[in-house]
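Shown next: start_36.cif, containing mmCIF, C-alpha atoms.
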```
data_coords
loop_
_atom_site.group_PDB
_atom_site.id
_atom_site.type_symbol
_atom_site.label_atom_id
_atom_site.label_comp_id
_atom_site.auth_asym_id
_atom_site.auth_seq_id
_atom_site.Cartn_x
_atom_site.Cartn_y
_atom_site.Cartn_z
ATOM 1 C CA MET A 1 180.025 -2.160 83.883
ATOM 2 C CA GLU A 2 176.774 -4.000 84.278
ATOM 3 C CA SER A 3 174.729 -3.824 81.114
ATOM 4 C CA PHE A 4 171.067 -2.944 80.967
ATOM 5 C CA SER A 5 168.413 -2.925 78.305
ATOM 6 C CA LEU A 6 167.213 0.436 77.029
ATOM 7 C CA SER A 7 164.209 -1.310 75.541
ATOM 8 C CA ALA A 8 162.946 -2.615 78.888
ATOM 9 C CA VAL A 9 159.326 -2.185 80.020
ATOM 10 C CA PRO A 10 157.995 -0.214 77.053
ATOM 11 C CA ASN A 11 154.492 -0.294 78.575
ATOM 12 C CA LEU A 12 155.634 1.973 81.400
ATOM 13 C CA ARG A 13 156.902 4.739 79.130
ATOM 14 C CA LYS A 14 155.097 8.046 79.407
ATOM 15 C CA SER A 15 155.235 11.105 77.237
ATOM 16 C CA ARG A 16 155.424 14.307 79.262
ATOM 17 C CA ILE A 17 153.571 16.285 76.637
ATOM 18 C CA ASP A 18 150.158 17.680 77.423
ATOM 19 C CA LEU A 19 148.193 16.867 74.286
ATOM 20 C CA SER A 20 144.964 18.408 75.493
ATOM 21 C CA ASP A 21 144.934 21.485 73.226
ATOM 22 C CA THR A 22 145.595 19.563 69.965
ATOM 23 C CA GLY A 23 141.857 19.125 69.446
ATOM 24 C CA SER A 24 141.097 22.832 69.510
ATOM 25 C CA SER A 25 143.510 23.516 66.655
ATOM 26 C CA THR A 26 141.907 24.255 63.298
ATOM 27 C CA SER A 27 145.135 23.538 61.448
ATOM 28 C CA SER A 28 145.135 21.162 58.484
ATOM 29 C CA ILE A 29 148.493 19.839 59.698
ATOM 30 C CA ARG A 30 148.249 16.596 61.644
ATOM 31 C CA TYR A 31 150.374 16.458 64.794
ATOM 32 C CA GLN A 32 151.268 13.162 66.389
ATOM 33 C CA ASP A 33 153.394 12.455 69.452
ATOM 34 C CA CYS A 34 155.410 9.229 68.979
ATOM 35 C CA THR A 35 157.706 9.751 71.971
ATOM 36 C CA VAL A 36 156.769 6.469 73.682
ATOM 37 C CA ASN A 37 157.335 4.419 70.510
ATOM 38 C CA SER A 38 160.437 2.249 70.505
ATOM 39 C CA ARG A 39 163.656 3.484 68.938
ATOM 40 C CA VAL A 40 167.310 2.673 69.218
ATOM 41 C CA GLY A 41 170.563 4.125 67.938
ATOM 42 C CA PHE A 42 173.931 2.599 67.129
ATOM 43 C CA ARG A 43 177.233 4.302 66.594
ATOM 44 C CA GLY A 44 180.722 3.018 65.840
ATOM 45 C CA GLN A 45 182.957 1.744 63.071
ATOM 46 C CA GLY A 46 181.044 -1.552 63.050
ATOM 47 C CA ALA A 47 177.497 -0.096 63.170
ATOM 48 C CA ALA A 48 176.860 -0.248 59.406
ATOM 49 C CA SER A 49 178.006 -3.849 59.012
ATOM 50 C CA PHE A 50 176.135 -4.867 62.181
ATOM 51 C CA LEU A 51 172.807 -3.546 60.850
ATOM 52 C CA THR A 52 173.401 -5.082 57.416
ATOM 53 C CA SER A 53 174.159 -8.438 59.020
ATOM 54 C CA GLN A 54 170.831 -8.213 60.863
ATOM 55 C CA GLY A 55 169.037 -7.886 57.524
ATOM 56 C CA LEU A 56 168.294 -4.177 57.718
ATOM 57 C CA PRO A 57 168.750 -1.809 54.777
ATOM 58 C CA ILE A 58 170.971 1.196 55.451
ATOM 59 C CA PRO A 59 171.169 4.491 53.546
ATOM 60 C CA SER A 60 174.383 4.864 51.559
ATOM 61 C CA GLN A 61 175.051 8.450 52.694
ATOM 62 C CA ALA A 62 174.900 10.489 55.879
ATOM 63 C CA ASN A 63 171.751 12.575 56.391
ATOM 64 C CA GLN A 64 169.599 10.125 54.458
ATOM 65 C CA SER A 65 166.871 7.805 55.703
ATOM 66 C CA LEU A 66 164.939 4.889 54.306
ATOM 67 C CA LEU A 67 161.966 2.811 55.261
ATOM 68 C CA PHE A 68 162.212 -0.827 56.364
ATOM 69 C CA GLU A 69 159.004 -2.717 55.598
ATOM 70 C CA ASP A 70 156.066 -0.448 56.493
ATOM 71 C CA SER A 71 156.945 1.779 59.349
ATOM 72 C CA LEU A 72 160.488 1.427 60.653
ATOM 73 C CA VAL A 73 162.582 4.417 59.606
ATOM 74 C CA VAL A 74 166.350 3.857 59.402
ATOM 75 C CA LEU A 75 168.169 7.175 59.760
ATOM 76 C CA ARG A 76 171.838 7.585 58.945
ATOM 77 C CA LEU A 77 172.984 10.642 60.891
ATOM 78 C CA SER A 78 176.689 10.411 60.061
ATOM 79 C CA LYS A 79 179.082 7.940 58.499
ATOM 80 C CA THR A 80 178.980 5.767 61.618
ATOM 81 C CA GLU A 81 175.705 6.661 63.369
ATOM 82 C CA PHE A 82 172.278 5.098 62.776
ATOM 83 C CA TRP A 83 168.909 5.493 64.469
ATOM 84 C CA LEU A 84 165.918 3.205 64.037
ATOM 85 C CA VAL A 85 162.558 4.845 64.713
ATOM 86 C CA ASP A 86 159.358 2.845 64.980
ATOM 87 C CA ILE A 87 156.548 4.997 63.567
ATOM 88 C CA GLU A 88 153.592 2.783 64.453
ATOM 89 C CA ASN A 89 155.062 1.056 67.506
ATOM 90 C CA THR A 90 154.989 -2.380 65.898
ATOM 91 C CA TYR A 91 158.709 -3.199 65.822
ATOM 92 C CA HIS A 92 159.479 -3.321 69.508
ATOM 93 C CA GLU A 93 160.651 -6.943 69.461
ATOM 94 C CA LEU A 94 163.036 -6.337 66.568
ATOM 95 C CA ILE A 95 164.470 -3.238 68.258
ATOM 96 C CA GLU A 96 164.948 -5.073 71.540
ATOM 97 C CA LYS A 97 166.623 -7.969 69.746
ATOM 98 C CA LEU A 98 168.995 -5.614 67.901
ATOM 99 C CA GLU A 99 169.882 -3.858 71.112
ATOM 100 C CA LEU A 100 170.746 -7.095 72.877
ATOM 101 C CA SER A 101 172.692 -8.584 69.974
ATOM 102 C CA SER A 102 174.844 -5.438 69.680
ATOM 103 C CA GLU A 103 175.996 -5.744 73.292
ATOM 104 C CA PRO A 104 178.985 -8.073 72.842
ATOM 105 C CA LEU A 105 180.305 -6.153 69.808
ATOM 106 C CA GLU A 106 183.336 -3.991 70.504
ATOM 107 C CA ASP A 107 182.948 -1.465 67.703
ATOM 108 C CA VAL A 108 179.175 -0.896 68.039
ATOM 109 C CA TYR A 109 177.803 1.382 70.760
ATOM 110 C CA ARG A 110 174.134 1.740 71.708
ATOM 111 C CA LEU A 111 172.773 5.267 71.853
ATOM 112 C CA PHE A 112 170.294 6.506 74.408
ATOM 113 C CA CYS A 113 167.812 8.124 72.031
ATOM 114 C CA GLN A 114 164.829 6.313 73.567
ATOM 115 C CA HIS A 115 165.030 8.296 76.777
ATOM 116 C CA SER A 116 166.794 11.450 75.634
ATOM 117 C CA HIS A 117 164.582 12.456 72.728
ATOM 118 C CA ALA A 118 160.981 13.270 71.982
ATOM 119 C CA CYS A 119 159.595 12.122 68.644
ATOM 120 C CA PHE A 120 156.867 13.958 66.714
ATOM 121 C CA LEU A 121 155.232 13.216 63.384
ATOM 122 C CA PHE A 122 153.702 15.861 61.138
ATOM 123 C CA SER A 123 151.676 15.306 58.017
ATOM 124 C CA GLY A 124 149.589 17.462 55.727
ATOM 125 C CA GLU A 125 150.344 19.576 52.687
ATOM 126 C CA GLN A 126 151.131 22.696 54.657
ATOM 127 C CA THR A 127 153.728 21.114 56.948
ATOM 128 C CA ALA A 128 156.681 22.555 55.012
ATOM 129 C CA SER A 129 155.135 26.047 55.247
ATOM 130 C CA MET A 130 154.799 25.610 58.987
ATOM 131 C CA PHE A 131 158.473 24.597 59.242
ATOM 132 C CA SER A 132 159.571 27.569 57.140
ATOM 133 C CA LYS A 133 158.396 29.839 59.971
ATOM 134 C CA VAL A 134 160.608 28.209 62.588
ATOM 135 C CA CYS A 135 163.500 26.527 60.753
ATOM 136 C CA GLY A 136 166.340 28.001 58.684
ATOM 137 C CA VAL A 137 166.681 24.991 56.383
ATOM 138 C CA ASP A 138 164.387 24.791 53.362
ATOM 139 C CA LEU A 139 162.250 21.698 53.946
ATOM 140 C CA ARG A 140 159.946 22.092 50.940
ATOM 141 C CA GLY A 141 159.416 19.014 48.819
ATOM 142 C CA ASP A 142 161.371 20.098 45.743
ATOM 143 C CA VAL A 143 164.635 20.696 47.635
ATOM 144 C CA PHE A 144 164.082 18.276 50.526
ATOM 145 C CA PRO A 145 162.882 15.054 48.883
ATOM 146 C CA VAL A 146 161.611 11.960 50.683
ATOM 147 C CA GLY A 147 164.578 10.314 52.423
ATOM 148 C CA SER A 148 166.320 13.590 53.330
ATOM 149 C CA ILE A 149 167.414 14.464 56.860
ATOM 150 C CA ALA A 150 168.238 17.894 58.255
ATOM 151 C CA GLN A 151 169.988 18.181 61.602
ATOM 152 C CA THR A 152 169.333 21.767 62.480
ATOM 153 C CA SER A 153 167.602 24.214 64.767
ATOM 154 C CA VAL A 154 163.774 24.229 64.881
ATOM 155 C CA ALA A 155 162.154 27.019 66.923
ATOM 156 C CA ARG A 156 165.616 27.543 68.454
ATOM 157 C CA VAL A 157 165.829 23.944 69.685
ATOM 158 C CA ASN A 158 168.238 21.419 68.176
ATOM 159 C CA ALA A 159 166.316 18.859 66.165
ATOM 160 C CA ILE A 160 166.581 16.123 63.576
ATOM 161 C CA VAL A 161 163.975 16.455 60.829
ATOM 162 C CA ALA A 162 163.445 13.616 58.363
ATOM 163 C CA ARG A 163 161.001 13.403 55.469
ATOM 164 C CA GLN A 164 159.632 9.945 54.717
ATOM 165 C CA GLU A 165 156.623 8.280 53.205
ATOM 166 C CA GLY A 166 154.888 5.040 54.063
ATOM 167 C CA LYS A 167 151.568 3.504 53.096
ATOM 168 C CA GLY A 168 151.064 6.241 50.513
ATOM 169 C CA LYS A 169 151.350 8.994 53.121
ATOM 170 C CA GLU A 170 154.143 11.543 53.395
ATOM 171 C CA TYR A 171 155.247 12.813 56.763
ATOM 172 C CA TYR A 172 157.951 14.735 58.579
ATOM 173 C CA LEU A 173 159.579 13.057 61.543
ATOM 174 C CA LEU A 174 161.085 15.300 64.214
ATOM 175 C CA LEU A 175 163.402 14.149 67.002
ATOM 176 C CA SER A 176 164.435 16.630 69.628
ATOM 177 C CA ASP A 177 165.661 16.915 73.199
ATOM 178 C CA LEU A 178 163.062 15.491 75.584
ATOM 179 C CA ALA A 179 163.528 18.254 78.161
ATOM 180 C CA SER A 180 162.280 20.903 75.703
ATOM 181 C CA SER A 181 159.522 18.780 74.193
ATOM 182 C CA GLN A 182 156.543 20.560 75.758
ATOM 183 C CA TYR A 183 157.859 23.925 74.592
ATOM 184 C CA LEU A 184 158.554 22.650 71.074
ATOM 185 C CA TRP A 185 155.174 20.957 70.799
ATOM 186 C CA GLU A 186 153.389 24.201 71.737
ATOM 187 C CA ALA A 187 155.637 26.308 69.499
ATOM 188 C CA LEU A 188 154.893 24.091 66.498
ATOM 189 C CA LEU A 189 151.154 23.983 67.272
ATOM 190 C CA ASP A 190 151.230 27.771 67.363
ATOM 191 C CA ALA A 191 153.225 27.978 64.119
ATOM 192 C CA GLY A 192 150.788 25.644 62.359
ATOM 193 C CA SER A 193 147.589 27.218 63.628
ATOM 194 C CA GLU A 194 147.343 29.684 60.717
ATOM 195 C CA PHE A 195 147.290 26.904 58.094
ATOM 196 C CA ALA A 196 143.644 25.942 58.082
ATOM 197 C CA MET B 1 173.010 36.028 59.532
ATOM 198 C CA LYS B 2 176.543 34.761 59.110
ATOM 199 C CA MET B 3 176.735 31.280 57.584
ATOM 200 C CA MET B 4 179.199 28.443 57.928
ATOM 201 C CA ASN B 5 179.654 25.397 55.756
ATOM 202 C CA CYS B 6 179.516 22.232 57.872
ATOM 203 C CA PRO B 7 181.307 19.316 56.177
ATOM 204 C CA LEU B 8 178.497 16.957 57.289
ATOM 205 C CA ASN B 9 175.378 19.124 57.056
ATOM 206 C CA GLY B 10 176.148 21.860 54.530
ATOM 207 C CA LEU B 11 175.582 25.600 54.849
ATOM 208 C CA ARG B 12 173.998 26.531 58.184
ATOM 209 C CA ASN B 13 173.386 29.596 60.351
ATOM 210 C CA ILE B 14 176.381 30.419 62.523
ATOM 211 C CA SER B 15 174.129 30.203 65.617
ATOM 212 C CA GLU B 16 174.095 26.391 65.213
ATOM 213 C CA PHE B 17 177.871 26.237 65.791
ATOM 214 C CA VAL B 18 180.021 26.360 68.900
ATOM 215 C CA TYR B 19 183.686 27.403 68.923
ATOM 216 C CA GLY B 20 186.071 24.780 70.276
ATOM 217 C CA GLY B 21 189.508 26.420 70.353
ATOM 218 C CA GLU B 22 192.584 26.371 68.172
ATOM 219 C CA VAL B 23 193.860 23.173 66.573
ATOM 220 C CA LYS B 24 197.404 22.642 67.853
ATOM 221 C CA SER B 25 199.705 19.690 67.616
ATOM 222 C CA MET B 26 199.740 17.852 70.930
ATOM 223 C CA PRO B 27 203.114 17.347 72.598
ATOM 224 C CA ASP B 28 203.935 13.807 73.682
ATOM 225 C CA HIS B 29 202.178 13.629 77.070
ATOM 226 C CA VAL B 30 204.688 11.088 78.392
ATOM 227 C CA THR B 31 207.899 12.963 77.614
ATOM 228 C CA CYS B 32 206.953 16.667 77.553
ATOM 229 C CA SER B 33 207.461 19.008 80.505
ATOM 230 C CA ASP B 34 204.546 20.383 82.546
ATOM 231 C CA LYS B 35 205.224 23.793 81.032
ATOM 232 C CA GLU B 36 204.907 22.445 77.494
ATOM 233 C CA TRP B 37 201.658 20.706 78.428
ATOM 234 C CA ALA B 38 200.256 23.850 80.105
ATOM 235 C CA ASP B 39 201.234 25.802 76.995
ATOM 236 C CA TYR B 40 199.315 23.348 74.869
ATOM 237 C CA VAL B 41 196.217 23.328 77.075
ATOM 238 C CA PHE B 42 195.886 26.972 78.138
ATOM 239 C CA TYR B 43 197.615 29.326 75.701
ATOM 240 C CA SER B 44 196.909 30.383 72.153
ATOM 241 C CA GLU B 45 198.826 32.768 69.925
ATOM 242 C CA ASN B 46 196.077 35.294 69.178
ATOM 243 C CA THR B 47 197.782 36.930 66.185
ATOM 244 C CA ILE B 48 196.325 38.183 62.914
ATOM 245 C CA ARG B 49 196.559 35.288 60.485
ATOM 246 C CA VAL B 50 194.627 32.311 59.194
ATOM 247 C CA VAL B 51 194.027 29.969 62.142
ATOM 248 C CA MET B 52 192.888 26.389 62.247
ATOM 249 C CA GLU B 53 190.083 25.924 64.759
ATOM 250 C CA TRP B 54 187.790 23.279 66.184
ATOM 251 C CA TRP B 55 184.089 23.959 65.586
ATOM 252 C CA PHE B 56 181.084 21.950 66.748
ATOM 253 C CA HIS B 57 177.779 21.644 64.912
ATOM 254 C CA SER B 58 175.483 21.368 67.902
ATOM 255 C CA PRO B 59 172.301 19.806 66.359
ATOM 256 C CA SER B 60 174.263 16.875 64.937
ATOM 257 C CA GLY B 61 176.970 16.642 67.633
ATOM 258 C CA TYR B 62 179.683 16.844 64.999
ATOM 259 C CA TRP B 63 183.210 18.244 65.489
ATOM 260 C CA PHE B 64 185.155 19.503 62.509
ATOM 261 C CA ILE B 65 188.047 21.812 61.603
ATOM 262 C CA ALA B 66 187.670 25.285 60.106
ATOM 263 C CA GLU B 67 190.296 27.672 58.735
ATOM 264 C CA ARG B 68 189.407 31.250 59.621
ATOM 265 C CA HIS B 69 191.141 34.597 59.228
ATOM 266 C CA THR B 70 191.229 36.283 62.635
ATOM 267 C CA ALA B 71 190.973 39.842 61.257
ATOM 268 C CA SER B 72 188.375 39.514 58.507
ATOM 269 C CA ASP B 73 186.583 36.660 60.322
ATOM 270 C CA GLU B 74 186.198 35.008 56.940
ATOM 271 C CA ILE B 75 185.870 31.232 57.047
ATOM 272 C CA LEU B 76 188.087 29.943 54.255
ATOM 273 C CA ASN B 77 187.706 26.199 54.523
ATOM 274 C CA THR B 78 186.035 23.511 56.637
ATOM 275 C CA TYR B 79 186.772 19.796 56.684
ATOM 276 C CA ASP B 80 186.395 16.545 58.608
ATOM 277 C CA PRO B 81 189.043 15.988 61.319
ATOM 278 C CA SER B 82 189.896 12.594 59.802
ATOM 279 C CA GLU B 83 191.888 14.512 57.178
ATOM 280 C CA ARG B 84 194.314 15.572 59.865
ATOM 281 C CA PHE B 85 193.953 12.980 62.609
ATOM 282 C CA THR B 86 194.447 9.497 61.265
ATOM 283 C CA LYS B 87 195.176 7.494 64.372
ATOM 284 C CA ARG B 88 193.782 7.252 67.870
ATOM 285 C CA VAL B 89 195.843 8.732 70.719
ATOM 286 C CA GLU B 90 196.121 6.342 73.663
ATOM 287 C CA PHE B 91 196.584 7.762 77.154
ATOM 288 C CA ASP B 92 197.137 4.378 78.797
ATOM 289 C CA SER B 93 200.782 4.852 79.642
ATOM 290 C CA ALA B 94 200.992 7.093 82.682
ATOM 291 C CA ALA B 95 203.356 10.026 82.544
ATOM 292 C CA ALA B 96 206.298 9.782 84.922
ATOM 293 C CA VAL B 97 206.020 12.325 87.732
ATOM 294 C CA THR B 98 209.028 14.587 87.393
ATOM 295 C CA GLU B 99 210.111 17.671 89.287
ATOM 296 C CA GLU B 100 209.658 20.743 87.118
ATOM 297 C CA LYS B 101 213.005 22.470 86.590
ATOM 298 C CA ARG B 102 213.113 25.987 87.959
ATOM 299 C CA ALA B 103 214.293 28.727 85.661
#
```
Can the structure in the file be given as structure tokens, please?
Amino acid sequence: MESFSLSAVPNLRKSRIDLSDTGSSTSSIRYQDCTVNSRVGFRGQGAASFLTSQGLPIPSQANQSLLFEDSLVVLRLSKTEFWLVDIENTYHELIEKLELSSEPLEDVYRLFCQHSHACFLFSGEQTASMFSKVCGVDLRGDVFPVGSIAQTSVARVNAIVARQEGKGKEYYLLLSDLASSQYLWEALLDAGSEFA
Amino acid sequence: MKMMNCPLNGLRNISEFVYGGEVKSMPDHVTCSDKEWADYVFYSENTIRVVMEWWFHSPSGYWFIAERHTASDEILNTYDPSERFTKRVEFDSAAAVTEEKRA
């Protein structure tokens, strides 16, 4: 099979989400759409050693994440699956390089999370309260510390929720199916609107 | 809501899971008869007992095995499939086409 780069032409990526009503919200929760930011996933028996050999830190357990430098979140979703999410869109070159160098490896498989998932970022003290309206897993700070990941259902859509902090700011990262992203965005805006 | 303990993600609402059929030992696909293979693929026992079943945690795309009592619907145990399946099954060798014996 001919190989292709998932990281190609990042400048042509478009988010399908209509962000126009974000401004009218009085919520204290900050909503950010990071869907066009670069990300890549790797799965396979060799994924952990591949990332380590590239100088990246990896969480020791499944459903944990950690921060590389300032704004690259390394998520470990299972024993053999890792996603790298670029929060500020500054690590594109590294992500592209990783993707290309994984190609010849037999026990490392690239994952298509760039084009299959939407990526949102939420910050603000009331974010956990907003999630408690739409998600069955308790995401409050005392039981869901920084570095935790929950793969669960949010507003009836499958989602990966990770809590991280960088540059002194805590945030919740949400990755979910791209096809339902407009619905989820509106549902979460609606859920957060009461938290002024 | 009913809850299920996912070996990867912990206790979750049952609505996050999808049933994947009974866990049965696979007959050797090269030597078994078509009837044995059809039995394996299409039929299950459906009796009252503790059954071993495949379940899928949809948000994380994770398959695991659960032991469930078919009458009480109580889930007694869940675990990673690596506890039962330790080696990869290869389907490279094609099964010889044989005439099925008529009863």
Open item on the list: Could you check the closest approach to Ser82 (chain B) for each of B:Thr70, B:Asp39, B:Ile14, B:Pro7 and tell me which residue wins, using all atoms listed in the file?
Closed with: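 Among the listed residues, B:Pro7 lies closest to Ser82 (chain B).
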Quick one: residues within 12 Å of Asn63 (chain A), only C-alpha atoms counted, chain neighbours fewer than 2 positions away excluded, as a PDB file with C-alpha atoms, in the frame of the given file?
```pdb
ATOM      1  CA  ILE A  58     170.971   1.196  55.451  1.00  0.00           C
ATOM      2  CA  PRO A  59     171.169   4.491  53.546  1.00  0.00           C
ATOM      3  CA  SER A  60     174.383   4.864  51.559  1.00  0.00           C
ATOM      4  CA  GLN A  61     175.051   8.450  52.694  1.00  0.00           C
ATOM      5  CA  SER A  65     166.871   7.805  55.703  1.00  0.00           C
ATOM      6  CA  LEU A  66     164.939   4.889  54.306  1.00  0.00           C
ATOM      7  CA  VAL A  74     166.350   3.857  59.402  1.00  0.00           C
ATOM      8  CA  LEU A  75     168.169   7.175  59.760  1.00  0.00           C
ATOM      9  CA  ARG A  76     171.838   7.585  58.945  1.00  0.00           C
ATOM     10  CA  LEU A  77     172.984  10.642  60.891  1.00  0.00           C
ATOM     11  CA  SER A  78     176.689  10.411  60.061  1.00  0.00           C
ATOM     12  CA  LYS A  79     179.082   7.940  58.499  1.00  0.00           C
ATOM     13  CA  THR A  80     178.980   5.767  61.618  1.00  0.00           C
ATOM     14  CA  GLU A  81     175.705   6.661  63.369  1.00  0.00           C
ATOM     15  CA  PHE A  82     172.278   5.098  62.776  1.00  0.00           C
ATOM     16  CA  TRP A  83     168.909   5.493  64.469  1.00  0.00           C
ATOM     17  CA  PHE A 144     164.082  18.276  50.526  1.00  0.00           C
ATOM     18  CA  PRO A 145     162.882  15.054  48.883  1.00  0.00           C
ATOM     19  CA  VAL A 146     161.611  11.960  50.683  1.00  0.00           C
ATOM     20  CA  GLY A 147     164.578  10.314  52.423  1.00  0.00           C
ATOM     21  CA  SER A 148     166.320  13.590  53.330  1.00  0.00           C
ATOM     22  CA  ILE A 149     167.414  14.464  56.860  1.00  0.00           C
ATOM     23  CA  ALA A 150     168.238  17.894  58.255  1.00  0.00           C
ATOM     24  CA  GLN A 151     169.988  18.181  61.602  1.00  0.00           C
ATOM     25  CA  THR A 152     169.333  21.767  62.480  1.00  0.00           C
ATOM     26  CA  ILE A 160     166.581  16.123  63.576  1.00  0.00           C
ATOM     27  CA  VAL A 161     163.975  16.455  60.829  1.00  0.00           C
ATOM     28  CA  ALA A 162     163.445  13.616  58.363  1.00  0.00           C
ATOM     29  CA  ARG A 163     161.001  13.403  55.469  1.00  0.00           C
TER      30      ARG A 163
ATOM     31  CA  PRO B   7     181.307  19.316  56.177  1.00  0.00           C
ATOM     32  CA  LEU B   8     178.497  16.957  57.289  1.00  0.00           C
ATOM     33  CA  ASN B   9     175.378  19.124  57.056  1.00  0.00           C
ATOM     34  CA  GLY B  10     176.148  21.860  54.530  1.00  0.00           C
ATOM     35  CA  SER B  60     174.263  16.875  64.937  1.00  0.00           C
TER      36      SER B  60
END
```
TODO: Between B:Met26, B:Ile48, B:Met4, B:Leu11, single out the one closest to chain A, counting only C-alpha atoms.
DONE: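 Using only C-alpha atoms, chain A sits closest to B:Leu11.
Comparing B:Glu45, B:Glu83, B:Glu90, B:Glu74 by their smallest distance to Glu22 (chain B), the closest is B:Glu45 (using all atoms listed in the file).
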- [ ] Determine the nearest neighbour of chain B from the options A:Ser153, A:Ser27, A:Ser101, A:Gln64, counting all atoms listed in the file.
- [x]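 Nearest candidate to chain B out of A:Ser153, A:Ser27, A:Ser101, A:Gln64: A:Ser153.
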Task: Hits of the PyMOL selection byres ((chain B and resi 3) around 12) in this structure, as a list in words - done: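 Selected by the PyMOL selection byres ((chain B and resi 3) around 12) in this file: Gly136 and Val137 of chain A; Met1, Lys2, Met4, Asn5, Cys6, Gly10, Leu11, Arg12, Asn13, Ile14, Ser15, Glu16, Phe17, Asp73, Glu74, Ile75 and Leu76 of chain B.
Note that CA of Asp107 (chain A) and CA of Pro59 (chain B) are 23.8 Å apart.
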Task: Given the PyMOL selection byres ((chain A and resi 41) around 10), the residues it picks as a list in words - done: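 What the PyMOL selection byres ((chain A and resi 41) around 10) grabs from the file is Arg39, Val40, Phe42, Arg43, Ala47, Val74, Leu75, Arg76, Leu77, Glu81, Phe82, Trp83, Leu84, Val85, Ile95, Leu98, Glu99, Val108, Tyr109, Arg110, Leu111, Phe112, Cys113 and Gln114 of chain A.
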